$ cat work.cif   # mmCIF, C-alpha atoms, pLDDT in the B column; chains and numbers go by the auth columns
data_input
#
loop_
_atom_site.group_PDB
_atom_site.id
_atom_site.type_symbol
_atom_site.label_atom_id
_atom_site.label_comp_id
_atom_site.label_asym_id
_atom_site.label_seq_id
_atom_site.Cartn_x
_atom_site.Cartn_y
_atom_site.Cartn_z
_atom_site.B_iso_or_equiv
_atom_site.auth_seq_id
_atom_site.auth_asym_id
ATOM 1 C CA MET A 1 19.186 -69.624 62.550 76.00 1 A
ATOM 2 C CA GLU A 2 16.796 -67.221 60.842 90.00 2 A
ATOM 3 C CA LYS A 3 16.417 -63.912 62.702 94.00 3 A
ATOM 4 C CA LEU A 4 12.917 -62.529 63.216 95.00 4 A
ATOM 5 C CA LEU A 5 12.635 -58.773 62.742 96.00 5 A
ATOM 6 C CA PHE A 6 9.580 -56.554 63.106 95.00 6 A
ATOM 7 C CA ASP A 7 8.659 -53.604 60.921 96.00 7 A
ATOM 8 C CA LYS A 8 7.281 -51.920 64.063 95.00 8 A
ATOM 9 C CA TYR A 9 8.667 -52.870 67.456 95.00 9 A
ATOM 10 C CA ASP A 10 6.331 -52.938 70.456 92.00 10 A
ATOM 11 C CA LYS A 11 7.700 -50.323 72.889 91.00 11 A
ATOM 12 C CA ALA A 12 5.949 -52.052 75.798 93.00 12 A
ATOM 13 C CA LYS A 13 8.279 -55.038 75.391 94.00 13 A
ATOM 14 C CA ILE A 14 11.484 -53.020 75.741 96.00 14 A
ATOM 15 C CA ALA A 15 11.277 -52.536 79.518 93.00 15 A
ATOM 16 C CA ALA A 16 11.599 -56.289 80.143 96.00 16 A
ATOM 17 C CA LEU A 17 14.688 -56.734 77.939 97.00 17 A
ATOM 18 C CA PRO A 18 18.187 -57.197 79.407 97.00 18 A
ATOM 19 C CA PRO A 19 20.344 -54.032 79.330 97.00 19 A
ATOM 20 C CA ALA A 20 22.844 -53.295 76.596 97.00 20 A
ATOM 21 C CA VAL A 21 25.864 -51.409 77.963 97.00 21 A
ATOM 22 C CA PHE A 22 29.221 -50.471 76.478 98.00 22 A
ATOM 23 C CA GLU A 23 31.863 -52.254 78.538 97.00 23 A
ATOM 24 C CA GLY A 24 34.969 -50.896 76.881 98.00 24 A
ATOM 25 C CA ARG A 25 37.203 -47.987 77.804 98.00 25 A
ATOM 26 C CA ILE A 26 35.702 -44.474 77.929 98.00 26 A
ATOM 27 C CA VAL A 27 37.971 -41.445 77.509 98.00 27 A
ATOM 28 C CA VAL A 28 36.796 -37.866 78.092 98.00 28 A
ATOM 29 C CA VAL A 29 38.533 -35.342 75.815 98.00 29 A
ATOM 30 C CA VAL A 30 38.730 -31.714 76.942 98.00 30 A
ATOM 31 C CA SER A 31 41.857 -30.282 75.285 98.00 31 A
ATOM 32 C CA GLU A 32 43.084 -30.004 71.706 98.00 32 A
ATOM 33 C CA SER A 33 46.184 -32.090 72.479 98.00 33 A
ATOM 34 C CA GLU A 34 43.974 -34.864 73.860 98.00 34 A
ATOM 35 C CA ALA A 35 41.741 -34.532 70.795 98.00 35 A
ATOM 36 C CA ARG A 36 44.762 -35.012 68.505 98.00 36 A
ATOM 37 C CA LYS A 37 45.731 -38.262 70.236 98.00 37 A
ATOM 38 C CA ALA A 38 42.138 -39.497 70.166 98.00 38 A
ATOM 39 C CA VAL A 39 41.705 -38.726 66.462 98.00 39 A
ATOM 40 C CA ASP A 40 44.992 -40.409 65.564 98.00 40 A
ATOM 41 C CA TYR A 41 43.725 -43.557 67.276 98.00 41 A
ATOM 42 C CA LEU A 42 40.226 -43.385 65.787 98.00 42 A
ATOM 43 C CA LEU A 43 41.505 -42.954 62.244 98.00 43 A
ATOM 44 C CA SER A 44 43.486 -46.195 62.630 98.00 44 A
ATOM 45 C CA GLN A 45 40.281 -48.203 63.143 98.00 45 A
ATOM 46 C CA ASP A 46 38.108 -50.028 60.595 97.00 46 A
ATOM 47 C CA LEU A 47 34.736 -48.553 61.616 98.00 47 A
ATOM 48 C CA LEU A 48 33.457 -45.852 63.980 98.00 48 A
ATOM 49 C CA GLY A 49 30.142 -45.222 65.695 98.00 49 A
ATOM 50 C CA VAL A 50 29.111 -41.593 66.255 98.00 50 A
ATOM 51 C CA ASP A 51 26.475 -39.614 68.116 98.00 51 A
ATOM 52 C CA THR A 52 26.054 -36.203 69.754 98.00 52 A
ATOM 53 C CA GLU A 53 24.455 -34.821 72.904 98.00 53 A
ATOM 54 C CA THR A 54 23.074 -31.355 73.563 97.00 54 A
ATOM 55 C CA ARG A 55 22.055 -29.755 76.834 96.00 55 A
ATOM 56 C CA PRO A 56 18.243 -29.861 76.954 93.00 56 A
ATOM 57 C CA SER A 57 16.325 -26.618 77.159 87.00 57 A
ATOM 58 C CA PHE A 58 13.199 -26.435 79.263 81.00 58 A
ATOM 59 C CA ARG A 59 12.401 -22.811 78.393 84.00 59 A
ATOM 60 C CA ARG A 60 10.867 -21.616 75.154 86.00 60 A
ATOM 61 C CA GLY A 61 13.233 -19.662 72.955 82.00 61 A
ATOM 62 C CA ILE A 62 16.399 -20.919 74.656 86.00 62 A
ATOM 63 C CA ASN A 63 18.498 -23.422 72.720 88.00 63 A
ATOM 64 C CA TYR A 64 21.997 -24.727 73.325 93.00 64 A
ATOM 65 C CA LYS A 65 24.730 -25.766 70.916 96.00 65 A
ATOM 66 C CA VAL A 66 25.879 -29.367 70.731 97.00 66 A
ATOM 67 C CA ALA A 67 27.997 -30.122 73.813 98.00 67 A
ATOM 68 C CA LEU A 68 29.327 -33.628 73.218 98.00 68 A
ATOM 69 C CA LEU A 69 30.533 -35.669 70.278 98.00 69 A
ATOM 70 C CA GLN A 70 30.981 -39.314 71.134 98.00 70 A
ATOM 71 C CA VAL A 71 32.992 -41.451 68.730 98.00 71 A
ATOM 72 C CA SER A 72 33.566 -45.124 69.427 98.00 72 A
ATOM 73 C CA SER A 73 35.684 -47.920 68.044 98.00 73 A
ATOM 74 C CA ARG A 74 34.799 -51.474 68.991 97.00 74 A
ATOM 75 C CA GLU A 75 36.834 -51.190 72.203 98.00 75 A
ATOM 76 C CA VAL A 76 37.248 -47.499 73.108 98.00 76 A
ATOM 77 C CA CYS A 77 34.850 -44.555 73.087 98.00 77 A
ATOM 78 C CA PHE A 78 36.060 -40.955 73.152 98.00 78 A
ATOM 79 C CA LEU A 79 33.783 -38.235 74.492 98.00 79 A
ATOM 80 C CA PHE A 80 34.768 -34.928 72.888 98.00 80 A
ATOM 81 C CA ARG A 81 33.462 -32.113 75.097 98.00 81 A
ATOM 82 C CA LEU A 82 32.687 -29.605 72.370 98.00 82 A
ATOM 83 C CA ASN A 83 31.486 -26.979 74.835 97.00 83 A
ATOM 84 C CA HIS A 84 35.202 -26.740 75.707 97.00 84 A
ATOM 85 C CA LEU A 85 36.864 -27.804 72.447 97.00 85 A
ATOM 86 C CA LYS A 86 34.533 -26.151 69.915 95.00 86 A
ATOM 87 C CA LEU A 87 35.319 -27.369 66.377 97.00 87 A
ATOM 88 C CA CYS A 88 39.069 -27.616 66.937 97.00 88 A
ATOM 89 C CA GLU A 89 41.308 -28.816 64.110 98.00 89 A
ATOM 90 C CA PRO A 90 41.530 -32.509 65.163 98.00 90 A
ATOM 91 C CA VAL A 91 37.740 -32.773 65.512 98.00 91 A
ATOM 92 C CA LYS A 92 37.292 -31.096 62.132 98.00 92 A
ATOM 93 C CA GLN A 93 39.778 -33.546 60.595 98.00 93 A
ATOM 94 C CA LEU A 94 37.819 -36.466 62.019 98.00 94 A
ATOM 95 C CA LEU A 95 34.512 -35.172 60.679 98.00 95 A
ATOM 96 C CA GLU A 96 35.967 -34.506 57.227 98.00 96 A
ATOM 97 C CA ASP A 97 37.833 -37.816 56.965 98.00 97 A
ATOM 98 C CA GLU A 98 36.922 -39.871 53.882 98.00 98 A
ATOM 99 C CA THR A 99 38.840 -43.047 54.712 98.00 99 A
ATOM 100 C CA ILE A 100 37.037 -44.459 57.770 98.00 100 A
ATOM 101 C CA LEU A 101 33.282 -45.067 57.703 98.00 101 A
ATOM 102 C CA LYS A 102 31.418 -43.354 60.534 98.00 102 A
ATOM 103 C CA VAL A 103 27.969 -44.779 61.289 98.00 103 A
ATOM 104 C CA GLY A 104 25.127 -43.227 63.268 98.00 104 A
ATOM 105 C CA LEU A 105 21.416 -42.440 63.301 96.00 105 A
ATOM 106 C CA SER A 106 19.722 -39.281 62.061 93.00 106 A
ATOM 107 C CA LEU A 107 23.093 -37.999 60.950 96.00 107 A
ATOM 108 C CA HIS A 108 21.617 -35.037 59.101 95.00 108 A
ATOM 109 C CA ASP A 109 20.560 -33.588 62.459 96.00 109 A
ATOM 110 C CA ASP A 110 23.930 -34.310 64.071 97.00 110 A
ATOM 111 C CA ILE A 111 25.894 -32.787 61.195 97.00 111 A
ATOM 112 C CA SER A 112 23.649 -29.711 61.135 96.00 112 A
ATOM 113 C CA ALA A 113 24.187 -29.232 64.881 96.00 113 A
ATOM 114 C CA LEU A 114 27.960 -29.644 64.535 98.00 114 A
ATOM 115 C CA ALA A 115 28.054 -27.171 61.642 97.00 115 A
ATOM 116 C CA LYS A 116 26.798 -24.469 64.009 96.00 116 A
ATOM 117 C CA LEU A 117 30.179 -24.704 65.759 97.00 117 A
ATOM 118 C CA GLY A 118 32.131 -24.117 62.544 96.00 118 A
ATOM 119 C CA GLN A 119 32.205 -24.963 58.866 95.00 119 A
ATOM 120 C CA PHE A 120 33.372 -28.376 57.700 97.00 120 A
ATOM 121 C CA LYS A 121 32.814 -30.714 54.766 97.00 121 A
ATOM 122 C CA PRO A 122 31.284 -34.014 56.034 98.00 122 A
ATOM 123 C CA GLY A 123 33.400 -37.018 55.136 98.00 123 A
ATOM 124 C CA SER A 124 32.417 -40.682 55.020 98.00 124 A
ATOM 125 C CA PHE A 125 29.168 -41.186 56.976 98.00 125 A
ATOM 126 C CA PHE A 126 26.526 -43.947 56.947 97.00 126 A
ATOM 127 C CA ASP A 127 23.033 -43.256 58.316 97.00 127 A
ATOM 128 C CA LEU A 128 21.583 -46.440 59.799 97.00 128 A
ATOM 129 C CA GLN A 129 18.023 -45.122 59.711 95.00 129 A
ATOM 130 C CA LYS A 130 18.122 -44.872 55.934 93.00 130 A
ATOM 131 C CA HIS A 131 19.472 -48.392 55.488 94.00 131 A
ATOM 132 C CA VAL A 132 17.308 -50.299 57.972 96.00 132 A
ATOM 133 C CA LYS A 133 14.344 -48.902 56.036 94.00 133 A
ATOM 134 C CA GLU A 134 15.628 -50.834 53.033 93.00 134 A
ATOM 135 C CA ILE A 135 14.926 -54.140 54.798 94.00 135 A
ATOM 136 C CA GLY A 136 11.469 -53.009 55.901 94.00 136 A
ATOM 137 C CA ILE A 137 12.019 -51.675 59.437 96.00 137 A
ATOM 138 C CA GLU A 138 9.844 -48.646 60.176 96.00 138 A
ATOM 139 C CA ASP A 139 10.555 -47.889 63.860 94.00 139 A
ATOM 140 C CA LEU A 140 13.778 -45.912 63.567 95.00 140 A
ATOM 141 C CA SER A 141 14.814 -44.861 67.076 96.00 141 A
ATOM 142 C CA LEU A 142 18.119 -46.266 68.309 97.00 142 A
ATOM 143 C CA GLN A 143 16.420 -47.995 71.214 97.00 143 A
ATOM 144 C CA LYS A 144 13.860 -49.756 69.009 97.00 144 A
ATOM 145 C CA ILE A 145 16.324 -50.736 66.288 97.00 145 A
ATOM 146 C CA TYR A 146 18.700 -52.227 68.856 98.00 146 A
ATOM 147 C CA ALA A 147 15.891 -54.095 70.620 97.00 147 A
ATOM 148 C CA ASN A 148 14.691 -55.387 67.246 97.00 148 A
ATOM 149 C CA PHE A 149 18.138 -56.629 66.221 97.00 149 A
ATOM 150 C CA PHE A 150 19.492 -57.921 69.517 97.00 150 A
ATOM 151 C CA GLY A 151 16.653 -58.303 72.032 97.00 151 A
ATOM 152 C CA ALA A 152 18.346 -55.925 74.484 98.00 152 A
ATOM 153 C CA LYS A 153 17.513 -52.514 75.903 97.00 153 A
ATOM 154 C CA ILE A 154 19.518 -49.318 75.548 97.00 154 A
ATOM 155 C CA SER A 155 18.590 -47.044 78.443 95.00 155 A
ATOM 156 C CA LYS A 156 17.573 -43.474 77.600 93.00 156 A
ATOM 157 C CA SER A 157 17.457 -42.308 81.226 93.00 157 A
ATOM 158 C CA GLN A 158 20.319 -39.807 80.820 94.00 158 A
ATOM 159 C CA ARG A 159 19.113 -38.175 77.599 92.00 159 A
ATOM 160 C CA LEU A 160 17.743 -35.024 79.252 92.00 160 A
ATOM 161 C CA THR A 161 20.604 -34.471 81.692 95.00 161 A
ATOM 162 C CA ASN A 162 22.987 -31.495 81.574 96.00 162 A
ATOM 163 C CA TRP A 163 25.639 -32.273 78.971 98.00 163 A
ATOM 164 C CA GLU A 164 27.446 -29.018 79.791 97.00 164 A
ATOM 165 C CA ALA A 165 27.989 -29.961 83.444 97.00 165 A
ATOM 166 C CA ASP A 166 31.480 -29.234 84.779 96.00 166 A
ATOM 167 C CA ILE A 167 32.049 -32.967 85.232 97.00 167 A
ATOM 168 C CA LEU A 168 30.066 -35.659 83.424 97.00 168 A
ATOM 169 C CA SER A 169 28.699 -38.354 85.708 97.00 169 A
ATOM 170 C CA ASP A 170 29.621 -41.998 85.210 97.00 170 A
ATOM 171 C CA LYS A 171 26.036 -42.657 84.101 97.00 171 A
ATOM 172 C CA GLN A 172 26.278 -39.928 81.477 98.00 172 A
ATOM 173 C CA LYS A 173 29.570 -41.317 80.196 98.00 173 A
ATOM 174 C CA VAL A 174 28.239 -44.866 79.850 98.00 174 A
ATOM 175 C CA TYR A 175 25.030 -43.614 78.226 98.00 175 A
ATOM 176 C CA ALA A 176 26.915 -41.571 75.640 98.00 176 A
ATOM 177 C CA ALA A 177 29.415 -44.330 74.899 98.00 177 A
ATOM 178 C CA THR A 178 26.698 -46.963 74.573 98.00 178 A
ATOM 179 C CA ASP A 179 24.831 -44.895 72.000 98.00 179 A
ATOM 180 C CA ALA A 180 27.906 -44.548 69.787 98.00 180 A
ATOM 181 C CA TRP A 181 29.142 -48.133 70.207 98.00 181 A
ATOM 182 C CA SER A 182 25.701 -49.607 69.523 98.00 182 A
ATOM 183 C CA CYS A 183 25.768 -48.046 66.058 98.00 183 A
ATOM 184 C CA ILE A 184 28.738 -50.274 65.207 98.00 184 A
ATOM 185 C CA LYS A 185 26.860 -53.320 66.460 98.00 185 A
ATOM 186 C CA ILE A 186 23.807 -52.460 64.369 98.00 186 A
ATOM 187 C CA TYR A 187 25.902 -51.776 61.265 98.00 187 A
ATOM 188 C CA ASP A 188 27.730 -55.102 61.530 98.00 188 A
ATOM 189 C CA GLU A 189 24.482 -57.014 61.964 97.00 189 A
ATOM 190 C CA LEU A 190 22.763 -55.126 59.152 97.00 190 A
ATOM 191 C CA GLN A 191 25.631 -55.971 56.816 96.00 191 A
ATOM 192 C CA ARG A 192 25.445 -59.631 57.816 95.00 192 A
ATOM 193 C CA LEU A 193 21.693 -59.831 57.277 95.00 193 A
ATOM 194 C CA GLU A 194 21.847 -58.074 53.918 93.00 194 A
ATOM 195 C CA GLN A 195 24.600 -60.419 52.733 94.00 195 A
ATOM 196 C CA THR A 196 23.040 -63.666 53.976 94.00 196 A
ATOM 197 C CA GLY A 197 19.319 -62.855 53.768 94.00 197 A
ATOM 198 C CA ASP A 198 19.057 -64.825 57.001 94.00 198 A
ATOM 199 C CA TYR A 199 16.063 -62.976 58.436 95.00 199 A
ATOM 200 C CA LYS A 200 12.288 -62.814 58.237 94.00 200 A
ATOM 201 C CA LEU A 201 10.414 -59.527 58.495 95.00 201 A
ATOM 202 C CA ILE A 202 7.159 -59.733 60.425 95.00 202 A
ATOM 203 C CA ARG A 203 4.776 -56.924 59.562 92.00 203 A
ATOM 204 C CA GLN A 204 2.347 -55.549 62.101 81.00 204 A
ATOM 205 C CA GLU A 205 -0.504 -56.211 59.672 73.00 205 A
ATOM 206 C CA ASP A 206 0.489 -59.885 59.526 58.00 206 A
ATOM 207 C CA ASN A 207 0.301 -60.149 63.314 54.00 207 A
ATOM 208 C CA VAL A 208 -3.164 -58.583 63.333 48.00 208 A
ATOM 209 C CA GLN A 209 -4.391 -60.963 60.665 40.00 209 A
ATOM 210 C CA GLU A 210 -2.925 -63.947 62.505 43.00 210 A
ATOM 211 C CA CYS A 211 -4.617 -62.940 65.756 37.00 211 A
ATOM 212 C CA VAL A 212 -7.922 -62.534 63.982 33.00 212 A
ATOM 213 C CA SER A 213 -7.694 -65.932 62.319 30.00 213 A
ATOM 214 C CA LYS A 214 -6.823 -67.658 65.625 33.00 214 A
ATOM 215 C CA LYS A 215 -9.786 -66.075 67.380 35.00 215 A
ATOM 216 C CA GLY A 216 -12.031 -67.087 64.517 35.00 216 A
#

$ encode --input "work.cif" --output "C-alpha coordinates"
Amino acid sequence: MEKLLFDKYDKAKIAALPPAVFEGRIVVVVSESEARKAVDYLLSQDLLGVDTETRPSFRRGINYKVALLQVSSREVCFLFRLNHLKLCEPVKQLLEDETILKVGLSLHDDISALAKLGQFKPGSFFDLQKHVKEIGIEDLSLQKIYANFFGAKISKSQRLTNWEADILSDKQKVYAATDAWSCIKIYDELQRLEQTGDYKLIRQEDNVQECVSKKG
(Lines of atoms letter the chains of each structure in order from A and count residues from 1; the text may use other names and numbers.)
(Lines give C-alpha, C1' and ligand atoms only; values in the text may rest on other atoms or scores of the structure.)
Protein backbone atom coordinates (compact mmCIF):
# COMPACT_ATOMS: atom_id res chain seq x y z
CA MET A 1 0.00 0.00 0.00
CA GLU A 2 1.38 3.38 -1.03
CA LYS A 3 2.35 5.57 1.93
CA LEU A 4 1.26 9.21 1.91
CA LEU A 5 3.89 11.64 3.19
CA PHE A 6 3.66 15.40 3.58
CA ASP A 7 6.39 17.92 2.86
CA LYS A 8 5.07 19.95 5.82
CA TYR A 9 3.21 18.19 8.61
CA ASP A 10 0.33 19.99 10.33
CA LYS A 11 1.37 20.34 13.99
CA ALA A 12 -2.28 20.69 15.04
CA LYS A 13 -2.89 17.07 14.03
CA ILE A 14 -0.17 15.63 16.27
CA ALA A 15 -2.07 16.00 19.55
CA ALA A 16 -4.76 13.54 18.41
CA LEU A 17 -2.30 10.82 17.35
CA PRO A 18 -1.71 7.67 19.44
CA PRO A 19 1.50 7.76 21.53
CA ALA A 20 4.75 6.22 20.40
CA VAL A 21 6.72 4.83 23.35
CA PHE A 22 9.83 2.68 23.62
CA GLU A 23 8.79 -0.55 25.31
CA GLY A 24 12.15 -2.25 25.55
CA ARG A 25 14.66 -2.39 28.37
CA ILE A 26 16.19 0.87 29.65
CA VAL A 27 19.55 0.80 31.43
CA VAL A 28 21.03 3.82 33.22
CA VAL A 29 24.84 3.93 33.06
CA VAL A 30 26.72 5.86 35.75
CA SER A 31 30.14 4.19 36.03
CA GLU A 32 32.94 3.43 33.59
CA SER A 33 32.64 -0.32 34.22
CA GLU A 34 28.93 -0.17 33.37
CA ALA A 35 29.78 1.91 30.29
CA ARG A 36 32.23 -0.77 29.12
CA LYS A 37 29.57 -3.49 29.33
CA ALA A 38 27.03 -1.29 27.57
CA VAL A 39 29.41 -0.41 24.74
CA ASP A 40 30.41 -4.04 24.24
CA TYR A 41 26.73 -4.88 23.78
CA LEU A 42 25.97 -1.90 21.54
CA LEU A 43 28.87 -2.61 19.21
CA SER A 44 27.48 -6.12 18.63
CA GLN A 45 24.28 -4.69 17.11
CA ASP A 46 23.43 -3.93 13.47
CA LEU A 47 22.18 -0.35 13.95
CA LEU A 48 22.02 2.21 16.77
CA GLY A 49 19.84 5.23 17.45
CA VAL A 50 21.43 8.17 19.29
CA ASP A 51 20.40 11.42 20.93
CA THR A 52 21.54 13.71 23.75
CA GLU A 53 19.90 15.74 26.50
CA THR A 54 21.16 18.87 28.23
CA ARG A 55 19.88 20.56 31.37
CA PRO A 56 17.87 23.59 30.23
CA SER A 57 18.97 27.03 31.31
CA PHE A 58 16.37 29.63 32.16
CA ARG A 59 18.88 32.41 32.89
CA ARG A 60 20.74 34.42 30.29
CA GLY A 61 24.44 33.69 30.13
CA ILE A 62 24.20 30.35 31.94
CA ASN A 63 24.66 27.23 29.82
CA TYR A 64 25.17 23.61 30.80
CA LYS A 65 27.18 20.84 29.18
CA VAL A 66 25.45 17.81 27.70
CA ALA A 67 24.26 15.58 30.56
CA LEU A 68 22.92 12.47 28.84
CA LEU A 69 23.80 10.37 25.83
CA GLN A 70 21.12 7.86 24.97
CA VAL A 71 22.04 5.04 22.61
CA SER A 72 19.49 2.42 21.65
CA SER A 73 19.45 -0.90 19.86
CA ARG A 74 16.12 -2.27 18.70
CA GLU A 75 15.50 -3.83 22.12
CA VAL A 76 17.65 -2.04 24.73
CA CYS A 77 18.44 1.62 25.34
CA PHE A 78 21.39 2.74 27.46
CA LEU A 79 21.33 6.14 29.13
CA PHE A 80 24.91 7.30 29.66
CA ARG A 81 24.90 9.95 32.39
CA LEU A 82 27.72 12.10 31.07
CA ASN A 83 27.49 14.55 33.96
CA HIS A 84 28.98 11.65 35.96
CA LEU A 85 30.93 9.75 33.28
CA LYS A 86 32.30 12.67 31.24
CA LEU A 87 33.87 11.40 27.99
CA CYS A 88 35.23 8.19 29.51
CA GLU A 89 37.13 5.74 27.31
CA PRO A 90 34.19 3.38 26.52
CA VAL A 91 31.95 6.30 25.50
CA LYS A 92 34.75 7.72 23.35
CA GLN A 93 35.21 4.31 21.71
CA LEU A 94 31.50 4.17 20.91
CA LEU A 95 31.49 7.64 19.37
CA GLU A 96 34.59 6.92 17.29
CA ASP A 97 33.45 3.48 16.10
CA GLU A 98 33.37 3.09 12.31
CA THR A 99 31.74 -0.33 12.11
CA ILE A 100 28.19 0.24 13.41
CA LEU A 101 25.98 2.94 11.90
CA LYS A 102 24.61 5.39 14.46
CA VAL A 103 21.54 7.35 13.33
CA GLY A 104 20.07 10.52 14.81
CA LEU A 105 18.75 13.99 14.04
CA SER A 106 20.71 17.24 13.97
CA LEU A 107 23.85 15.27 14.71
CA HIS A 108 26.13 18.23 14.10
CA ASP A 109 24.68 19.86 17.22
CA ASP A 110 24.95 16.67 19.27
CA ILE A 111 28.55 16.02 18.22
CA SER A 112 29.53 19.64 18.91
CA ALA A 113 28.00 19.39 22.40
CA LEU A 114 29.78 16.09 23.10
CA ALA A 115 33.09 17.52 21.90
CA LYS A 116 32.94 20.06 24.73
CA LEU A 117 33.46 17.14 27.12
CA GLY A 118 36.62 15.97 25.35
CA GLN A 119 38.16 15.50 21.93
CA PHE A 120 37.12 12.59 19.74
CA LYS A 121 36.95 11.74 16.04
CA PRO A 122 33.29 11.04 15.07
CA GLY A 123 32.84 7.59 13.58
CA SER A 124 29.98 6.26 11.46
CA PHE A 125 26.95 8.56 11.83
CA PHE A 126 23.83 9.10 9.69
CA ASP A 127 21.80 12.32 10.05
CA LEU A 128 18.14 11.61 9.33
CA GLN A 129 17.32 15.27 8.76
CA LYS A 130 19.65 15.42 5.79
CA HIS A 131 18.23 12.28 4.19
CA VAL A 132 14.50 12.88 4.68
CA LYS A 133 15.06 16.14 2.80
CA GLU A 134 16.10 14.04 -0.18
CA ILE A 135 12.56 12.65 -0.49
CA GLY A 136 10.99 16.09 -0.13
CA ILE A 137 10.16 16.34 3.59
CA GLU A 138 10.69 19.86 4.94
CA ASP A 139 9.47 19.64 8.56
CA LEU A 140 12.53 18.18 10.25
CA SER A 141 11.77 17.87 13.97
CA LEU A 142 11.77 14.33 15.36
CA GLN A 143 8.15 14.65 16.42
CA LYS A 144 6.96 15.75 12.97
CA ILE A 145 9.05 13.24 11.04
CA TYR A 146 7.78 10.38 13.20
CA ALA A 147 4.17 11.54 12.91
CA ASN A 148 4.61 11.84 9.14
CA PHE A 149 6.06 8.33 8.79
CA PHE A 150 4.01 6.41 11.33
CA GLY A 151 0.95 8.44 12.34
CA ALA A 152 1.98 8.39 16.01
CA LYS A 153 3.04 11.02 18.52
CA ILE A 154 6.35 11.26 20.35
CA SER A 155 5.78 13.27 23.52
CA LYS A 156 8.13 16.20 24.18
CA SER A 157 6.81 16.89 27.68
CA GLN A 158 10.10 16.03 29.41
CA ARG A 159 12.41 18.03 27.14
CA LEU A 160 12.90 20.94 29.55
CA THR A 161 13.30 18.88 32.72
CA ASN A 162 16.52 18.68 34.76
CA TRP A 163 18.77 16.13 33.08
CA GLU A 164 21.36 16.54 35.84
CA ALA A 165 18.94 15.47 38.59
CA ASP A 166 20.39 13.02 41.12
CA ILE A 167 17.94 10.38 39.93
CA LEU A 168 16.19 10.46 36.55
CA SER A 169 12.44 9.95 36.75
CA ASP A 170 10.75 7.09 34.92
CA LYS A 171 9.17 9.65 32.58
CA GLN A 172 12.58 11.10 31.76
CA LYS A 173 14.00 7.64 31.08
CA VAL A 174 11.18 6.67 28.72
CA TYR A 175 11.35 10.04 26.96
CA ALA A 176 15.09 9.76 26.37
CA ALA A 177 14.90 6.13 25.25
CA THR A 178 12.00 6.82 22.89
CA ASP A 179 13.90 9.60 21.15
CA ALA A 180 16.89 7.35 20.45
CA TRP A 181 14.88 4.25 19.50
CA SER A 182 12.59 6.20 17.17
CA CYS A 183 15.61 7.13 15.06
CA ILE A 184 16.07 3.44 14.24
CA LYS A 185 12.41 3.16 13.26
CA ILE A 186 12.66 6.19 10.98
CA TYR A 187 15.89 4.96 9.39
CA ASP A 188 14.43 1.53 8.63
CA GLU A 189 11.32 3.05 7.07
CA LEU A 190 13.31 5.61 5.10
CA GLN A 191 15.47 2.84 3.67
CA ARG A 192 12.38 0.83 2.72
CA LEU A 193 10.71 3.78 1.01
CA GLU A 194 13.84 4.75 -0.89
CA GLN A 195 14.30 1.18 -2.11
CA THR A 196 10.68 0.53 -3.09
CA GLY A 197 9.51 4.03 -4.05
CA ASP A 198 6.25 3.02 -2.38
CA TYR A 199 5.20 6.50 -1.26
CA LYS A 200 3.56 9.67 -2.53
CA LEU A 201 4.68 13.10 -1.37
CA ILE A 202 1.86 15.58 -0.89
CA ARG A 203 3.04 19.17 -1.03
CA GLN A 204 1.33 21.89 0.95
CA GLU A 205 0.86 23.88 -2.25
CA ASP A 206 -1.01 20.93 -3.78
CA ASN A 207 -3.41 20.85 -0.84
CA VAL A 208 -4.09 24.58 -1.17
CA GLN A 209 -4.77 24.25 -4.87
CA GLU A 210 -7.07 21.28 -4.29
CA CYS A 211 -9.06 23.17 -1.66
CA VAL A 212 -9.42 26.13 -3.97
CA SER A 213 -10.63 24.00 -6.87
CA LYS A 214 -13.21 22.22 -4.67
CA LYS A 215 -14.60 25.51 -3.40
CA GLY A 216 -14.76 26.81 -6.95

$ atom_distance --input "work.cif" --atom1 "CA of Ser57 in chain A" --atom2 "CA of Val28 in chain A"
23.4 Å

$ resolve_selection --input "work.cif" --expression "the PyMOL selection byres ((chain A and resi 84-87) around 8)" --output "short mmCIF file (atom, residue, chain, number, x, y, z; two decimals) with C-alpha atoms, in the coordinates of the input"
data_model
loop_
_atom_site.label_atom_id
_atom_site.label_comp_id
_atom_site.auth_asym_id
_atom_site.auth_seq_id
_atom_site.Cartn_x
_atom_site.Cartn_y
_atom_site.Cartn_z
CA VAL A 30 38.73 -31.71 76.94
CA SER A 31 41.86 -30.28 75.28
CA GLU A 32 43.08 -30.00 71.71
CA PHE A 80 34.77 -34.93 72.89
CA ARG A 81 33.46 -32.11 75.10
CA LEU A 82 32.69 -29.60 72.37
CA ASN A 83 31.49 -26.98 74.83
CA CYS A 88 39.07 -27.62 66.94
CA GLU A 89 41.31 -28.82 64.11
CA VAL A 91 37.74 -32.77 65.51
CA LYS A 92 37.29 -31.10 62.13
CA LEU A 114 27.96 -29.64 64.54
CA LEU A 117 30.18 -24.70 65.76
CA GLY A 118 32.13 -24.12 62.54
#

$ atom_distance --input "work.cif" --atom1 "CA of Pro56 in chain A" --atom2 "CA of Thr161 in chain A"
7.0 Å

$ residues_around --input "work.cif" --residues "range 197-200 of chain A" --least-positions-apart "6" --cutoff "10 Å" --atoms "all atoms listed in the file" --output "NGL selection string"
:A and (1-6 or 135 or 191)

$ atom_distance --input "work.cif" --atom1 "CA of Glu23 in chain A" --atom2 "CA of Val132 in chain A"
25.3 Å

$ axis_aligned_box --input "work.cif" --around "range 135-149 of chain A" --padding-each-side "8 Å" --output "JSON"
{"center_x": 14.3, "center_y": -50.7, "center_z": 63.0, "size_x": 24.9, "size_y": 27.8, "size_z": 32.4}

$ resolve_selection --input "work.cif" --expression "the PyMOL selection byres ((chain A and resi 185) around 10)" --output "PyMOL selection string"
chain A and resi 49+74+146+149-150+180-184+186-190

$ resolve_selection --input "work.cif" --expression "the PyMOL selection byres ((chain A and resi 108) around 12)" --output "PyMOL selection string"
chain A and resi 51-52+103-107+109-115+122+125-130

$ closest_residue --input "work.cif" --among "A:Ala177, A:Gln119, A:Tyr9, A:Ala20" --to "Ser155 in chain A" --atoms "all atoms listed in the file"
A:Ala20

$ residues_around --input "work.cif" --residues "Arg55 in chain A" --least-positions-apart "3" --cutoff "8 Å" --atoms "all atoms listed in the file" --output "list in words"
Tyr64, Lys65, Val66, Ala67, Leu160, Thr161, Asn162, Trp163 and Glu164 of chain A

$ residues_around --input "work.cif" --residues "Lys8 in chain A" --least-positions-apart "4" --cutoff "8 Å" --atoms "all atoms listed in the file" --output "ChimeraX atom specification"
/A:137-139,203-204

$ closest_residue --input "work.cif" --among "A:Leu94, A:Ser124, A:Leu201, A:Asn148" --to "Lys37 in chain A" --atoms "all atoms listed in the file"
A:Leu94

$ closest_residue --input "work.cif" --among "A:Ala16, A:Leu48, A:Ile26, A:Leu95" --to "Ala176 in chain A" --atoms "only C-alpha atoms"
A:Ile26

$ closest_residue --input "work.cif" --among "A:Ser157, A:Ser141, A:Thr196, A:Thr54" --to "Gln70 in chain A" --atoms "all atoms listed in the file"
A:Thr54

$ closest_residue --input "work.cif" --among "A:Leu140, A:Asp46, A:Ile202, A:Ser169" --to "Lys11 in chain A" --atoms "only C-alpha atoms"
A:Leu140
